[in-house]
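Right, one structure below, let's go through it.
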Amino acid sequence: MKTLLITGANRGVGLALTRVYLKAGWQVLATCRVPSQADELQSLTLRYRSLTIFALDVTDYTQVNQLATQLNGQVVDVLLNNAGLYGPKGYKFGECDETAWRAVFETNVIAPIKLAEAFITHIESSELKTIAAISSRVGSQTENTKGGGYLYRSSKAALNSSIKSLSNDLLPQGIKTVSLHPGWVKTTMGGPNALIDAQESAEGLKQVIDNLQDAQSGGFYSYQGEEIAW
């Protein structure tokens with residue numbers, strides 16, 4: 001049985017990904033900040049014995065390392081960094097909140113790399129050896145033609161750069177890395193006017209991860225498998 005470790009599994013795309021992987025017969029190690037409040041996630045334990053839920057704040061690196069120690073000896077085929085933070089909406093140039101900006105970077109950029117560092121031995125000992133991060137198309141500098149979105153845009157661009165660096169460092173060890181755009185999804189973050197639901201996004205993301213080749217490591221792809229320009 002292959003194993004997925006996923007962050008931010010309590011709602012939205014993270015919850016949908018958890019469902020998709022469980023249905024496919026995977027063992028899923030699902031994390032969220034407050035499991036006792038994750039009713040939909042908890043309900044899945046009644047149907048799937050292969051689901052285990054852990055409390056994890058991805059920006060609490062002591063807690064991250066403690067979880068890695070707790071899971072010592074557990075292989076992780078796919079580490080899926082899904083937890084993310086958008087930050088305040090509706091602001092414009094001249095109104096950027098530097099405190100919120102730091103919080104967005106902490107969650108979206110630093111935490112995924114710290115998770116990779118903490119779980120590297122778990123990944124190395126697996127069959128698939130994959131690290132994936134949920135990014136966003138708005139992190140593409142090529143496609144940024146509207147401006148704005150300073151906090152979120154810059155954090156996803158930085159995440160993409162970090163994933164590329166991970167690929168350079170880890171591919172010689174057989175570990176593939178990838179940044180993934182989930183699409184514009186009808187979630188709390190995406191809003192009701194988004195184009196696709198979380199299920200469609202999750203199914204596409206899993207297919208991209210399942211078919212990831214060494215030559216694609218360090219790349220940036222949509223949930224449909226389309227390569228996105230940096």
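Chains: A, B, ... in order of the structure tokens. Residues: from 1 per chain. Ligands: from 1, in order shown.
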- request: Mind the document's chain letters and residue numbers, and return as a PyMOL selection string the residues of segment 11-229 of chain A that DSSP labels strand (DSSP E or B).
  value: chain A and resi 27-32+51-55+78-81+130-134+176-181+185+196+219-222+227
Leaving out Phe220 of chain A and any residue of its chain fewer than 5 positions from it, which residues lie within 7 Å of it when counting only C-alpha atoms, given as a CSV table (one decimal) with N, CA and C atoms, in the first residue's frame?
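Saved result, part_6.csv, follows:
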chain,number,residue,atom,x,y,z
A,178,VAL,N,7.6,18.7,-7.6
A,178,VAL,CA,6.8,19.4,-8.6
A,178,VAL,C,5.9,20.4,-7.9
A,179,SER,N,5.7,21.5,-8.6
A,179,SER,CA,4.7,22.6,-8.2
A,179,SER,C,3.5,22.4,-9.0
A,180,LEU,N,2.3,22.5,-8.4
A,180,LEU,CA,1.0,22.1,-9.0
A,180,LEU,C,0.0,23.3,-8.9
A,227,GLU,N,2.0,22.3,-18.7
A,227,GLU,CA,3.2,23.0,-18.2
A,227,GLU,C,3.0,24.5,-18.2
A,228,ILE,N,3.2,25.1,-17.0
A,228,ILE,CA,3.0,26.6,-16.9
A,228,ILE,C,4.3,27.3,-16.9
message: Need to verify the contact set: Ser135 of chain A, 10 Å, only C-alpha atoms, exclusion of same-chain residues closer than 2 positions in sequence. Can you return it as a list in words?
response: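 In the requested format, the answer is Asn81, Asn82, Gly84, Asn108, Val109, Ala132, Ala133, Arg137, Val138, Gly139, Ser140, Tyr152, Arg153, Ser155, Lys156, Ala157, Ala158, Leu159, Asn160, Ile163, Val178, Ser179, Leu180, His181, Pro182, Gly183, Phe220, Tyr221 and Ser222 of chain A.
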Please save C-alpha atoms of the selected residues as a short mmCIF file (atom, residue, chain, number, x, y, z; two decimals), in the first residue's frame.
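Wrote out12.cif, looks like this:
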data_model
loop_
_atom_site.label_atom_id
_atom_site.label_comp_id
_atom_site.auth_asym_id
_atom_site.auth_seq_id
_atom_site.Cartn_x
_atom_site.Cartn_y
_atom_site.Cartn_z
CA ASN A 81 2.26 20.26 0.74
CA ASN A 82 -1.29 21.54 0.43
CA GLY A 84 -1.65 27.44 2.26
CA ASN A 108 3.47 29.04 1.65
CA VAL A 109 7.24 29.03 1.20
CA ALA A 132 4.54 17.93 -4.47
CA ALA A 133 3.44 21.42 -3.51
CA ARG A 137 -0.93 30.04 -11.60
CA VAL A 138 -0.84 33.55 -10.16
CA GLY A 139 2.75 32.78 -9.16
CA SER A 140 3.74 32.75 -12.83
CA TYR A 152 0.01 35.62 -2.52
CA ARG A 153 1.63 36.07 -5.95
CA SER A 155 4.77 33.64 -2.13
CA LYS A 156 3.80 31.21 -4.90
CA ALA A 157 6.60 32.46 -7.15
CA ALA A 158 9.01 31.88 -4.27
CA LEU A 159 7.53 28.43 -3.65
CA ASN A 160 8.08 27.53 -7.31
CA ILE A 163 10.67 23.48 -5.58
CA VAL A 178 6.78 19.39 -8.56
CA SER A 179 4.72 22.57 -8.19
CA LEU A 180 1.04 22.14 -9.03
CA HIS A 181 -1.69 24.59 -9.97
CA PRO A 182 -5.03 23.16 -8.75
CA GLY A 183 -7.15 25.33 -11.03
CA PHE A 220 5.25 23.72 -12.72
CA TYR A 221 2.08 22.00 -13.98
CA SER A 222 -1.66 22.52 -13.89
#
message: Neighbouring residues of segment 41-57 of chain A were defined as those with any atom within 10 Å, considering only C-alpha atoms; residues of the same chain fewer than 5 positions away were excluded. Please report them as a PyMOL selection string.
response: chain A and resi 1+3-11+14-16+18-19+21-23+25-36+62-64+66-67+83+107+111
task: May I ask for the distance between atom CA of Leu80 of chain A and atom CA of Asp39 of chain A, given in Å to one decimal place?
output: 21.1 Å
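You can rank A:Asn72, A:Gln199, A:Thr59, A:Asn211 by their closest distance to Thr121 of chain A using only C-alpha atoms, and at the top of that list sits A:Asn72.
Using only C-alpha atoms, the nearest neighbour of Val13 of chain A within the list A:Ser161, A:Thr187, A:Gln216, A:Thr145 is A:Thr187.
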task: Return the single residue from A:Ser167, A:Ala24, A:Ile123, A:Glu200 that is closest to Gly219 of chain A, with distances computed using only C-alpha atoms.
output: A:Ser167
message: I need the alpha helix (DSSP H) residues of segment 5-115 of chain A per DSSP on the backbone, written as a ChimeraX atom specification.
response: /A:12-23,39-43,61-70,98-105,111-115
